[in-house]
>>> print(open('my_file.txt').read())   # compact mmCIF, C-alpha atoms
# COMPACT_ATOMS: atom_id res chain seq x y z
CA MET A 1 96.17 111.95 124.02
CA LYS A 2 92.53 112.43 124.98
CA CYS A 3 90.87 109.82 127.15
CA PRO A 4 88.18 108.00 125.13
CA PHE A 5 85.96 107.88 128.24
CA CYS A 6 86.07 111.38 129.73
CA GLN A 7 87.92 113.32 127.00
CA ALA A 8 90.51 114.59 129.50
CA ASP A 9 93.95 115.30 128.12
CA ASN A 10 95.86 114.02 131.12
CA ASP A 11 97.15 110.45 131.16
CA ARG A 12 100.19 108.35 131.92
CA VAL A 13 101.75 105.43 130.08
CA ILE A 14 101.63 102.25 132.14
CA ASP A 15 103.23 99.85 129.67
CA SER A 16 104.79 100.04 126.19
CA ARG A 17 105.69 97.13 123.95
CA ALA A 18 106.53 96.48 120.34
CA SER A 19 103.86 94.80 118.23
CA GLU A 20 103.28 93.81 114.62
CA ASN A 21 106.80 92.46 114.25
CA GLY A 22 108.35 95.64 115.62
CA SER A 23 106.64 97.99 113.19
CA ALA A 24 104.30 99.41 115.83
CA ILE A 25 104.22 100.23 119.52
CA ARG A 26 101.26 99.48 121.74
CA ARG A 27 100.90 101.63 124.82
CA ARG A 28 98.68 100.94 127.80
CA ARG A 29 97.56 104.24 129.30
CA GLU A 30 95.67 105.33 132.39
CA CYS A 31 93.62 108.53 132.51
CA LEU A 32 94.61 110.56 135.54
CA VAL A 33 91.12 112.09 135.77
CA CYS A 34 88.71 109.13 135.51
CA LYS A 35 91.32 106.39 136.24
CA LYS A 36 90.16 104.22 133.32
CA ARG A 37 92.70 102.40 131.17
CA TYR A 38 92.91 102.19 127.39
CA THR A 39 95.33 101.09 124.70
CA THR A 40 96.84 103.21 121.94
CA SER A 41 98.95 102.19 118.98
CA GLU A 42 101.73 104.07 117.28
CA GLN A 43 103.05 103.04 113.88
CA ILE A 44 104.92 104.37 110.90
CA GLU A 45 102.77 106.44 108.56
CA GLN A 46 101.02 104.43 105.92
CA LEU A 47 102.56 103.80 102.56
CA ASN A 48 101.91 106.18 99.72
CA ILE A 49 101.17 103.24 97.42
CA LYS A 50 98.03 103.04 95.31
CA ILE A 51 96.11 99.82 94.79
CA ILE A 52 94.91 99.25 91.23
CA LYS A 53 91.44 97.74 91.54
CA LYS A 54 89.91 95.27 89.05
CA ASP A 55 87.94 98.09 87.41
CA GLY A 56 91.13 100.12 86.88
CA SER A 57 90.46 102.67 89.61
CA ARG A 58 93.21 103.49 92.09
CA VAL A 59 92.77 103.78 95.83
CA PRO A 60 95.31 104.37 98.62
CA PHE A 61 96.72 101.29 100.35
CA ASP A 62 94.81 100.70 103.58
CA ARG A 63 96.10 98.09 105.99
CA ASN A 64 92.76 98.18 107.83
CA LYS A 65 90.98 96.77 104.77
CA ILE A 66 93.34 93.81 104.76
CA LYS A 67 92.82 93.32 108.49
CA GLN A 68 89.02 93.42 108.09
CA GLY A 69 89.15 90.83 105.32
CA LEU A 70 91.32 88.58 107.46
CA GLU A 71 89.03 88.99 110.47
CA LYS A 72 86.02 87.93 108.39
CA ALA A 73 87.87 84.92 106.97
CA CYS A 74 89.11 83.89 110.42
CA TRP A 75 85.82 84.45 112.25
CA LYS A 76 85.33 81.70 114.88
CA ARG A 77 88.70 80.15 114.02
CA PRO A 78 91.42 79.62 116.65
CA ILE A 79 93.58 82.45 115.33
CA SER A 80 94.82 85.28 117.51
CA GLY A 81 94.65 88.94 116.63
CA GLU A 82 98.44 89.04 116.89
CA LYS A 83 98.74 86.50 114.06
CA LEU A 84 96.42 88.57 111.90
CA ASP A 85 98.46 91.69 112.68
CA SER A 86 101.56 89.75 111.73
CA ILE A 87 100.09 88.83 108.34
CA VAL A 88 99.05 92.44 107.70
CA SER A 89 102.55 93.63 108.61
CA ALA A 90 104.17 90.99 106.38
CA VAL A 91 101.97 91.99 103.44
CA GLU A 92 102.67 95.66 104.05
CA SER A 93 106.42 95.04 104.27
CA HIS A 94 106.37 93.00 101.06
CA ILE A 95 104.54 95.76 99.20
CA GLU A 96 106.86 98.44 100.57
CA ALA A 97 109.95 96.44 99.57
CA ASN A 98 108.78 95.42 96.09
CA PHE A 99 106.61 98.24 94.74
CA ASP A 100 107.30 101.94 94.39
CA SER A 101 103.94 103.53 93.72
CA GLU A 102 101.27 101.04 92.58
CA VAL A 103 100.32 97.40 93.00
CA GLU A 104 97.44 95.44 91.49
CA SER A 105 94.78 94.28 93.93
CA ARG A 106 95.12 90.80 92.40
CA LEU A 107 98.73 90.55 93.66
CA LEU A 108 97.71 91.86 97.07
CA GLY A 109 94.95 89.26 97.38
CA GLU A 110 97.24 86.44 96.29
CA LEU A 111 99.81 87.48 98.86
CA VAL A 112 97.19 87.48 101.63
CA MET A 113 95.97 84.05 100.48
CA GLN A 114 99.53 82.64 100.63
CA HIS A 115 99.77 83.64 104.29
CA LEU A 116 96.30 82.30 105.09
CA PHE A 117 97.05 78.99 103.36
CA GLU A 118 99.98 78.46 105.72
CA LEU A 119 98.00 79.59 108.78
CA ASP A 120 94.55 78.01 108.45
CA LYS A 121 93.01 76.15 105.49
CA VAL A 122 89.42 76.97 106.45
CA ALA A 123 90.18 80.68 106.67
CA TYR A 124 92.03 80.39 103.36
CA VAL A 125 88.99 78.91 101.60
CA ARG A 126 86.70 81.53 103.13
CA PHE A 127 88.95 84.35 101.93
CA ALA A 128 89.42 82.76 98.50
CA SER A 129 85.66 82.33 98.05
CA VAL A 130 85.10 86.06 98.45
CA TYR A 131 88.28 87.23 96.76
CA ARG A 132 87.86 84.97 93.72
CA GLN A 133 84.08 85.49 93.72
CA PHE A 134 82.99 81.84 93.87
CA GLU A 135 79.57 81.53 92.28
CA HIS A 136 79.00 77.78 92.34
CA VAL A 137 79.73 74.91 94.70
CA HIS A 138 82.12 73.51 92.07
CA ASP A 139 84.34 76.55 92.65
CA PHE A 140 84.77 75.44 96.26
CA VAL A 141 85.47 71.86 95.19
CA ASP A 142 88.08 72.99 92.68
CA GLU A 143 89.83 75.03 95.39
CA LEU A 144 89.68 72.18 97.92
CA ARG A 145 90.73 69.32 95.64
CA PRO A 146 94.52 69.96 95.86
CA MET A 147 94.34 70.33 99.65
CA LEU A 148 92.34 67.12 100.07
CA SER A 149 94.79 65.07 98.02
CA GLU A 150 97.86 66.28 99.94
CA SER A 151 96.82 65.27 103.46
CA PRO A 152 94.55 62.70 105.07
CA ARG A 153 91.55 63.85 107.04
CA PRO A 154 92.30 64.24 110.75
CA PRO A 155 90.29 62.12 113.20
CA ARG A 156 87.30 63.72 114.87
>>> encode(input="my_file.txt", output="structure tokens")
Amino acid sequence: MKCPFCQADNDRVIDSRASENGSAIRRRRECLVCKKRYTTSEQIEQLNIKIIKKDGSRVPFDRNKIKQGLEKACWKRPISGEKLDSIVSAVESHIEANFDSEVESRLLGELVMQHLFELDKVAYVRFASVYRQFEHVHDFVDELRPMLSESPRPPR
């Protein structure tokens, strides 16, 4: 593994731990040349599943796209990166267990929204507004109406 700072190929592993619900390993490394530390991640190779987009095109499944969408939806929300990684891993596991070669992007988005709904309602609405392409304020109201009727507003 080359050091990202000095490009030397001489390091040692300081710490290893499972992450993403055991589907990955994070390693803390120290370069033996420049003494700087960095983190690497090791995970099972990505699925060979294609995502069928709304326009009918097919693209390879990319867990990083899901993670980026979650990060945008959860921006400035009290949600840890580990929780986002957990959602990505859960979605990936669901797809791997239930689909052989292709899955519609609509199903993928709905699955992500289910996890976000349980985690954080604000992040859920943010994600839904982009995913469902809200064009009018009434779209937001329609999405919020069921949530508002199920629970009283918390005190400020």
>>> closest_atom_pairs(input="my_file.txt", of="stretch 79-137 of chain A", to="stretch 27-49 of chain A", cutoff="7 Å", atoms="all atoms listed in the file", output="CSV")
residue,atom,partner,partner_atom,distance
A:Asp100,CA,A:Ile49,CA,7.0
A:Ser101,CA,A:Ile49,CA,4.6
A:Glu102,CA,A:Ile49,CA,5.3
>>> write_last_selection(input="my_file.txt", atoms="C-alpha atoms", output="mmCIF file, keeping the file's coordinate frame")
data_model
loop_
_atom_site.group_PDB
_atom_site.id
_atom_site.type_symbol
_atom_site.label_atom_id
_atom_site.label_comp_id
_atom_site.auth_asym_id
_atom_site.auth_seq_id
_atom_site.Cartn_x
_atom_site.Cartn_y
_atom_site.Cartn_z
ATOM 1 C CA ASP A 100 107.300 101.940 94.390
ATOM 2 C CA SER A 101 103.940 103.530 93.720
ATOM 3 C CA GLU A 102 101.270 101.040 92.580
#
>>> atom_distance(input="my_file.txt", atom1="atom CA of A:Lys50", atom2="atom CA of A:Glu92")
12.3 Å
>>> closest_residue(input="my_file.txt", among="A:Ser93, A:Val112, A:Cys6, A:Ser23", to="A:Lys67", atoms="only C-alpha atoms")
A:Val112
>>> residues_around(input="my_file.txt", residues="A:Asp55", least_positions_apart="4", cutoff="12 Å", atoms="only C-alpha atoms", output="list in words")
Ile51, Val59, Glu104, Ser105 and Arg106 of chain A
>>> atom_distance(input="my_file.txt", atom1="atom CA of A:Leu84", atom2="atom CA of A:Gly56")
28.1 Å
>>> residues_around(input="my_file.txt", residues="stretch 139-142 of chain A", least_positions_apart="5", cutoff="12 Å", atoms="only C-alpha atoms", output="list in words")
Val122, Tyr124, Val125, Arg126, Phe127, Ala128, Ser129, Val130, Arg132, Gln133, Phe134, Met147, Leu148 and Ser149 of chain A
>>> atom_distance(input="my_file.txt", atom1="atom CA of A:Met113", atom2="atom CA of A:Trp75")
15.5 Å
>>> axis_aligned_box(input="my_file.txt", around="stretch 126-143 of chain A", padding_each_side="3 Å", output="AutoDock Vina command-line options")
--center_x 84.4 --center_y 79.5 --center_z 97.6 --size_x 16.8 --size_y 21.4 --size_z 17.1
>>> closest_residue(input="my_file.txt", among="A:Ile79, A:Ala73, A:Val103, A:Ile87", to="A:Pro60", atoms="only C-alpha atoms")
A:Val103
>>> closest_residue(input="my_file.txt", among="A:Ser19, A:Phe61, A:Gly109, A:Asp120", to="A:Ser86", atoms="only C-alpha atoms")
A:Ser19
>>> closest_residue(input="my_file.txt", among="A:Ser80, A:Leu108, A:Ala123, A:Glu135", to="A:Glu96", atoms="only C-alpha atoms")
A:Leu108
>>> closest_residue(input="my_file.txt", among="A:Ile66, A:Ala18, A:Leu119, A:Leu107", to="A:Pro78", atoms="all atoms listed in the file")
A:Leu119
>>> decode(input="my_file.txt", residues="stretch 54-86 of chain A", atoms="N, CA and C atoms", output="mmCIF file, in the first residue's frame")
data_model
loop_
_atom_site.group_PDB
_atom_site.id
_atom_site.type_symbol
_atom_site.label_atom_id
_atom_site.label_comp_id
_atom_site.auth_asym_id
_atom_site.auth_seq_id
_atom_site.Cartn_x
_atom_site.Cartn_y
_atom_site.Cartn_z
ATOM 1 N N LYS A 54 -34.316 5.240 -14.947
ATOM 2 C CA LYS A 54 -35.646 5.631 -15.416
ATOM 3 C C LYS A 54 -35.727 5.686 -16.939
ATOM 4 N N ASP A 55 -34.626 6.038 -17.591
ATOM 5 C CA ASP A 55 -34.630 6.138 -19.055
ATOM 6 C C ASP A 55 -34.373 4.783 -19.737
ATOM 7 N N GLY A 56 -34.251 3.717 -18.934
ATOM 8 C CA GLY A 56 -34.039 2.390 -19.495
ATOM 9 C C GLY A 56 -32.583 1.977 -19.620
ATOM 10 N N SER A 57 -31.668 2.918 -19.435
ATOM 11 C CA SER A 57 -30.248 2.568 -19.518
ATOM 12 C C SER A 57 -29.854 1.749 -18.286
ATOM 13 N N ARG A 58 -28.772 1.034 -18.411
ATOM 14 C CA ARG A 58 -28.281 0.188 -17.332
ATOM 15 C C ARG A 58 -26.870 0.610 -16.949
ATOM 16 N N VAL A 59 -26.656 0.754 -15.664
ATOM 17 C CA VAL A 59 -25.340 1.137 -15.147
ATOM 18 C C VAL A 59 -24.971 0.174 -14.022
ATOM 19 N N PRO A 60 -23.683 -0.030 -13.782
ATOM 20 C CA PRO A 60 -23.275 -0.918 -12.682
ATOM 21 C C PRO A 60 -23.687 -0.344 -11.326
ATOM 22 N N PHE A 61 -24.033 -1.222 -10.403
ATOM 23 C CA PHE A 61 -24.331 -0.806 -9.035
ATOM 24 C C PHE A 61 -23.091 -0.142 -8.450
ATOM 25 N N ASP A 62 -23.286 0.993 -7.792
ATOM 26 C CA ASP A 62 -22.167 1.721 -7.198
ATOM 27 C C ASP A 62 -22.571 2.196 -5.815
ATOM 28 N N ARG A 63 -22.041 1.552 -4.798
ATOM 29 C CA ARG A 63 -22.401 1.901 -3.425
ATOM 30 C C ARG A 63 -22.008 3.341 -3.084
ATOM 31 N N ASN A 64 -20.996 3.873 -3.768
ATOM 32 C CA ASN A 64 -20.577 5.249 -3.500
ATOM 33 C C ASN A 64 -21.644 6.263 -3.907
ATOM 34 N N LYS A 65 -22.420 5.952 -4.940
ATOM 35 C CA LYS A 65 -23.501 6.855 -5.342
ATOM 36 C C LYS A 65 -24.579 6.918 -4.265
ATOM 37 N N ILE A 66 -24.874 5.775 -3.677
ATOM 38 C CA ILE A 66 -25.852 5.755 -2.586
ATOM 39 C C ILE A 66 -25.314 6.553 -1.405
ATOM 40 N N LYS A 67 -24.063 6.338 -1.085
ATOM 41 C CA LYS A 67 -23.452 7.055 0.050
ATOM 42 C C LYS A 67 -23.462 8.567 -0.190
ATOM 43 N N GLN A 68 -23.152 9.008 -1.406
ATOM 44 C CA GLN A 68 -23.158 10.438 -1.715
ATOM 45 C C GLN A 68 -24.555 11.027 -1.573
ATOM 46 N N GLY A 69 -25.561 10.298 -2.039
ATOM 47 C CA GLY A 69 -26.940 10.764 -1.899
ATOM 48 C C GLY A 69 -27.340 10.879 -0.442
ATOM 49 N N LEU A 70 -26.939 9.909 0.364
ATOM 50 C CA LEU A 70 -27.229 9.952 1.792
ATOM 51 C C LEU A 70 -26.510 11.111 2.472
ATOM 52 N N GLU A 71 -25.257 11.331 2.101
ATOM 53 C CA GLU A 71 -24.495 12.432 2.701
ATOM 54 C C GLU A 71 -25.143 13.778 2.403
ATOM 55 N N LYS A 72 -25.633 13.957 1.190
ATOM 56 C CA LYS A 72 -26.317 15.205 0.840
ATOM 57 C C LYS A 72 -27.600 15.358 1.632
ATOM 58 N N ALA A 73 -28.366 14.282 1.751
ATOM 59 C CA ALA A 73 -29.632 14.341 2.480
ATOM 60 C C ALA A 73 -29.409 14.587 3.977
ATOM 61 N N CYS A 74 -28.305 14.090 4.499
ATOM 62 C CA CYS A 74 -28.031 14.182 5.934
ATOM 63 C C CYS A 74 -27.102 15.333 6.301
ATOM 64 N N TRP A 75 -26.820 16.193 5.340
ATOM 65 C CA TRP A 75 -25.906 17.313 5.582
ATOM 66 C C TRP A 75 -26.419 18.160 6.740
ATOM 67 N N LYS A 76 -25.547 18.430 7.706
ATOM 68 C CA LYS A 76 -25.836 19.210 8.906
ATOM 69 C C LYS A 76 -26.915 18.581 9.790
ATOM 70 N N ARG A 77 -27.057 17.271 9.711
ATOM 71 C CA ARG A 77 -27.959 16.530 10.579
ATOM 72 C C ARG A 77 -27.092 15.729 11.550
ATOM 73 N N PRO A 78 -27.605 15.420 12.731
ATOM 74 C CA PRO A 78 -26.806 14.679 13.723
ATOM 75 C C PRO A 78 -26.745 13.181 13.426
ATOM 76 N N ILE A 79 -26.164 12.851 12.279
ATOM 77 C CA ILE A 79 -26.095 11.454 11.845
ATOM 78 C C ILE A 79 -24.639 11.118 11.550
ATOM 79 N N SER A 80 -24.160 10.062 12.155
ATOM 80 C CA SER A 80 -22.755 9.684 11.996
ATOM 81 C C SER A 80 -22.501 9.005 10.655
ATOM 82 N N GLY A 81 -21.268 9.053 10.232
ATOM 83 C CA GLY A 81 -20.861 8.371 9.016
ATOM 84 C C GLY A 81 -21.046 6.867 9.128
ATOM 85 N N GLU A 82 -20.906 6.335 10.347
ATOM 86 C CA GLU A 82 -21.101 4.904 10.555
ATOM 87 C C GLU A 82 -22.548 4.501 10.273
ATOM 88 N N LYS A 83 -23.501 5.363 10.649
ATOM 89 C CA LYS A 83 -24.909 5.053 10.370
ATOM 90 C C LYS A 83 -25.178 5.076 8.871
ATOM 91 N N LEU A 84 -24.555 6.009 8.172
ATOM 92 C CA LEU A 84 -24.728 6.054 6.721
ATOM 93 C C LEU A 84 -24.113 4.814 6.077
ATOM 94 N N ASP A 85 -22.938 4.422 6.549
ATOM 95 C CA ASP A 85 -22.304 3.200 6.040
ATOM 96 C C ASP A 85 -23.191 1.984 6.305
ATOM 97 N N SER A 86 -23.842 1.985 7.448
ATOM 98 C CA SER A 86 -24.728 0.886 7.799
ATOM 99 C C SER A 86 -25.919 0.806 6.839
#
